[in-house]
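Beneath this line is the structure, given in structure tokens, with notes to follow.
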Amino acid sequence: MPRFMIAAAHKSSGKTVISTGLAGALTARGDVVQCFKKGPDYIDPMWLAAASGRACYNLDYNTMSADEFTALMCDRARGADVAMIEANKGLFDGVKLDGTDANSALAKVTQTPVVLVIDTGGMTRGIAPLLLGYQAFDEVNIAGVILNKVGGSRHEGKLRAAVEAYTDIPVIGAVGRNPALDIGERHLGLTTPSETAHLDTKITEISRIVGGQVDLDELMRIAATTPVLDVVPPPAIKARFKGLRIGYALDRAFGFYYADDLDAFATLGAELIPFNALSDTALPDVDGLFLGGGFPETQMAALSANTALREQIKQALEAGMPCYAECGGLMYLCRSMAWDGETHEMCNMVGADAVMCNRPQGRGLVEYTTTANHIWGQRDGVAHAHEFHYARLDNVDTGTKFGRKITRGNGIDGVNDGIVTGNVLAGFCHQRNTLANPWIMRFLDFVQRVKTG
């Protein structure tokens, strides 16, 4: 499995645009590209999936063991010509001081060569000590560098001369500043592909520009130097839940779902049925609901205007239909949602009001234990998840039951998360289905028990 990692010295260096362009350019010339994203992230994988035409998968130290994400990578890359991992933040950045959860650690575990994307704004000769320092800091195979946001041919010439004079790292590309490479940003990062006008045209243009300024043949040569990995296959899973149908919201408001989580529903035998919370006036015929995260605040007027669906969701949940909601899904189930001076009615299933703030209310890795109120049953040990929300809940009903006790992170109030009402579990934590936290198995088992009575 030829593979390479796109990393950077720091966040906001342009990794996702470069990675999207490389995936699109390689795909356009006939290569099958399997993309991966390091760490918890929803939006960057959407761009990589759109460019490659294949689902993008996350490799995350917080929720997975090294053996688990290496096995996932090898399995999902089967049949591809090359695998590309996009790092998060900088090459050596992670939560742990010793770097054992950093991008560099993942590169070493998976024996993947690194191509550094360097934001060269305001830099010429100074690129050399930066690269030398990165080479000396850890035993990572930095196999190439892409000069990004280059100011022109004169700037490029100075940068190339410095790299060639002082380092042994080949420059495999120089991408100039270009407004056509801009992807809009908002409070949670990049805008999503579903919000981008003329998406195919945008990706084609990004791919044309990046592919024309990076040596794709040299990139593939670097990828081909990787050794074969010896992996431990995951345990076999039985399709225990054939016949179960789970509806999930998929539209401009909701779309934060991990690709392997969606795969797990099918592996377990359940059928996922998408619906559009903005335009569908009725739920599909399903046994349970999964409401993921997204940007419901940007679509709250349309969500509120779809009164027929909101009322049907409330009626179905009050009648006992199981539902699992994360972050944006939690906000949708609240009485109301407020942002930027506007307030709109929501499903009124959770006794609270969602309010968007100007600063993050919860951001980063989360650890929690389950309580006796957890409707799927209390589990042993600590579960690992993540959160990234600018919303808070106001006017939470007195006596509200919580299924999670937060030991790291914020959740709903710094102590609790996972509001339980009827057969609904709704919280700010984003879960990942893993060997240590098979939440989809637990959710489907609960749906099955409710269905069979």
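Naming scheme: A, B, ... for chains in displayed order of the structure tokens; residues 1 onward per chain; ligands 1 onward as shown.
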Self-check item: Selection: 10 Å around Ile183 in chain A, only C-alpha atoms, excl. self and same-chain fewer than 5 positions, as a PyMOL selection string
Solution: chain A and resi 14+16-17+189-193+196+202+206
Practice problem: Determine, counting only C-alpha atoms, which protein, DNA and RNA residues have an atom within 12 Å of an atom of Gln448 in chain A; residues of the same chain fewer than 6 positions away are not included. Present the result as a list in words. | Solution: Arg240, Phe241, Lys242, Gly243, Leu244, Arg245, Ile246, Gly269, Ala270, Val286, Asp287, Gly288, Met321, Pro322, Trp376, Ile440, Met441 and Arg442 of chain A
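Closest approach to Val109 in chain A among A:Ser207, A:Glu156, A:Ile172, A:Leu229 is made by A:Leu229 (distances from only C-alpha atoms).
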Considering only C-alpha atoms, tabulate each residue of range 329-369 of chain A that lies at most 6 Å from range 398-421 of chain A along with its nearest interatomic pair and the corresponding distance in Å to one decimal; arrange the rows by chain and ascending residue number and present them as a tab-separated table.
residue	atom	partner	partner_atom	distance
A:Gly362	CA	A:Asn410	CA	5.3
A:Val366	CA	A:Gly409	CA	4.8
A:Glu367	CA	A:Arg408	CA	4.8
A:Tyr368	CA	A:Ile406	CA	4.4
A:Thr369	CA	A:Lys405	CA	5.3
Exercise. Write down as a VMD selection string the residues of range 200-393 of chain A whose backbone DSSP state falls under strand (DSSP E or B).
Key: chain A and resid 214 245 to 249 254 to 256 271 to 275 288 to 291 293 to 294 323 to 326 334 to 339 342 to 345 350 to 356 362 to 370 383 to 389 391 to 393
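Closest approach to Cys323 in chain A from the set A:Leu106, A:Met337, A:Val450, A:Val210 is made by A:Val450, with distances taken over only C-alpha atoms.
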Exercise. Between A:Ala338, A:Val228, A:Leu435, A:Ile127, single out the one closest to Pro2 in chain A, counting only C-alpha atoms.
Key: A:Val228
Quiz prompt | Selected residue of minimal separation from Thr63 in chain A among A:Asp119, A:Ala161, A:Thr452, A:Ala385, counting only C-alpha atoms | solution = A:Ala385
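Between Asp263 in chain A and the residues A:Arg29, A:Arg76, A:Arg359, A:Arg449, the shortest atom-to-atom distance, using only C-alpha atoms, involves A:Arg76.
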Quiz prompt | Selection: 9 Å around Val350 in chain A, only C-alpha atoms, excl. self and same-chain fewer than 5 positions, as a list in words | solution = Leu330, Met331, Tyr332, Leu333, Cys334, Arg335, Val396, Asp397, Ile419, Val420, Thr421, Val424 and Ala426 of chain A
Quiz item: In terms of the shortest atom-to-atom distance over only C-alpha atoms, which of A:Leu159, A:Leu22, A:Cys74, A:Ala325 is closest to Ser52 in chain A?
Solution: A:Leu22
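CA of Phe256 in chain A is positioned 13.1 Å from CA of Ala55 in chain A.
Atom pair CA of Phe69 in chain A / CA of Pro234 in chain A has a distance of 10.1 Å (rounded to one decimal).
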Quiz item: When DSSP works through the backbone of this structure, what residues of range 161-290 of chain A end up as helix (DSSP H, G or I), shown as a ChimeraX atom specification?
Solution: /A:161-166,179-181,193-195,199-213,216-223,259-267
Quiz prompt | Close residues, range 339-341 of chain A itself excluded, 10 Å, only C-alpha atoms, min 6 positions apart in chain, as a PyMOL selection string | solution = chain A and resi 297-298+300+354-358+391
Practice problem: Please provide as a VMD selection string all residues within 8 Å of Ala51 in chain A, with the sequence filter that same-chain residues fewer than 4 positions apart are discarded (counting only C-alpha atoms). | Solution: chain A and resid 20 to 21 23 to 24 27 47 203
Using the selection just defined, write its residues with C-alpha atoms as a short mmCIF file (atom, residue, chain, number, x, y, z; two decimals), in the first residue's frame.
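Output saved as result.cif:
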data_model
loop_
_atom_site.label_atom_id
_atom_site.label_comp_id
_atom_site.auth_asym_id
_atom_site.auth_seq_id
_atom_site.Cartn_x
_atom_site.Cartn_y
_atom_site.Cartn_z
CA THR A 20 -7.81 18.18 -1.52
CA GLY A 21 -5.92 19.34 -4.59
CA ALA A 23 -6.45 13.88 -4.07
CA GLY A 24 -8.35 15.48 -6.93
CA THR A 27 -7.83 10.93 -9.13
CA TRP A 47 -13.41 17.75 1.28
CA ILE A 203 -12.61 20.96 -6.63
#
Quiz item: Leaving out Asp260 in chain A and any residue of its chain fewer than 4 positions from it, which residues lie within 8 Å of it when counting only C-alpha atoms, given as a ChimeraX atom specification?
Solution: /A:57,264,433
Exercise. Find the residues near Val114 in chain A: any atom within 7 Å, counting only C-alpha atoms, skip ones fewer than 4 places away on the same chain, and give them as a list in words.
Key: Phe4, Met5, Ile6, Ala7, Asn141, Ile142, Ala143 and Gly144 of chain A
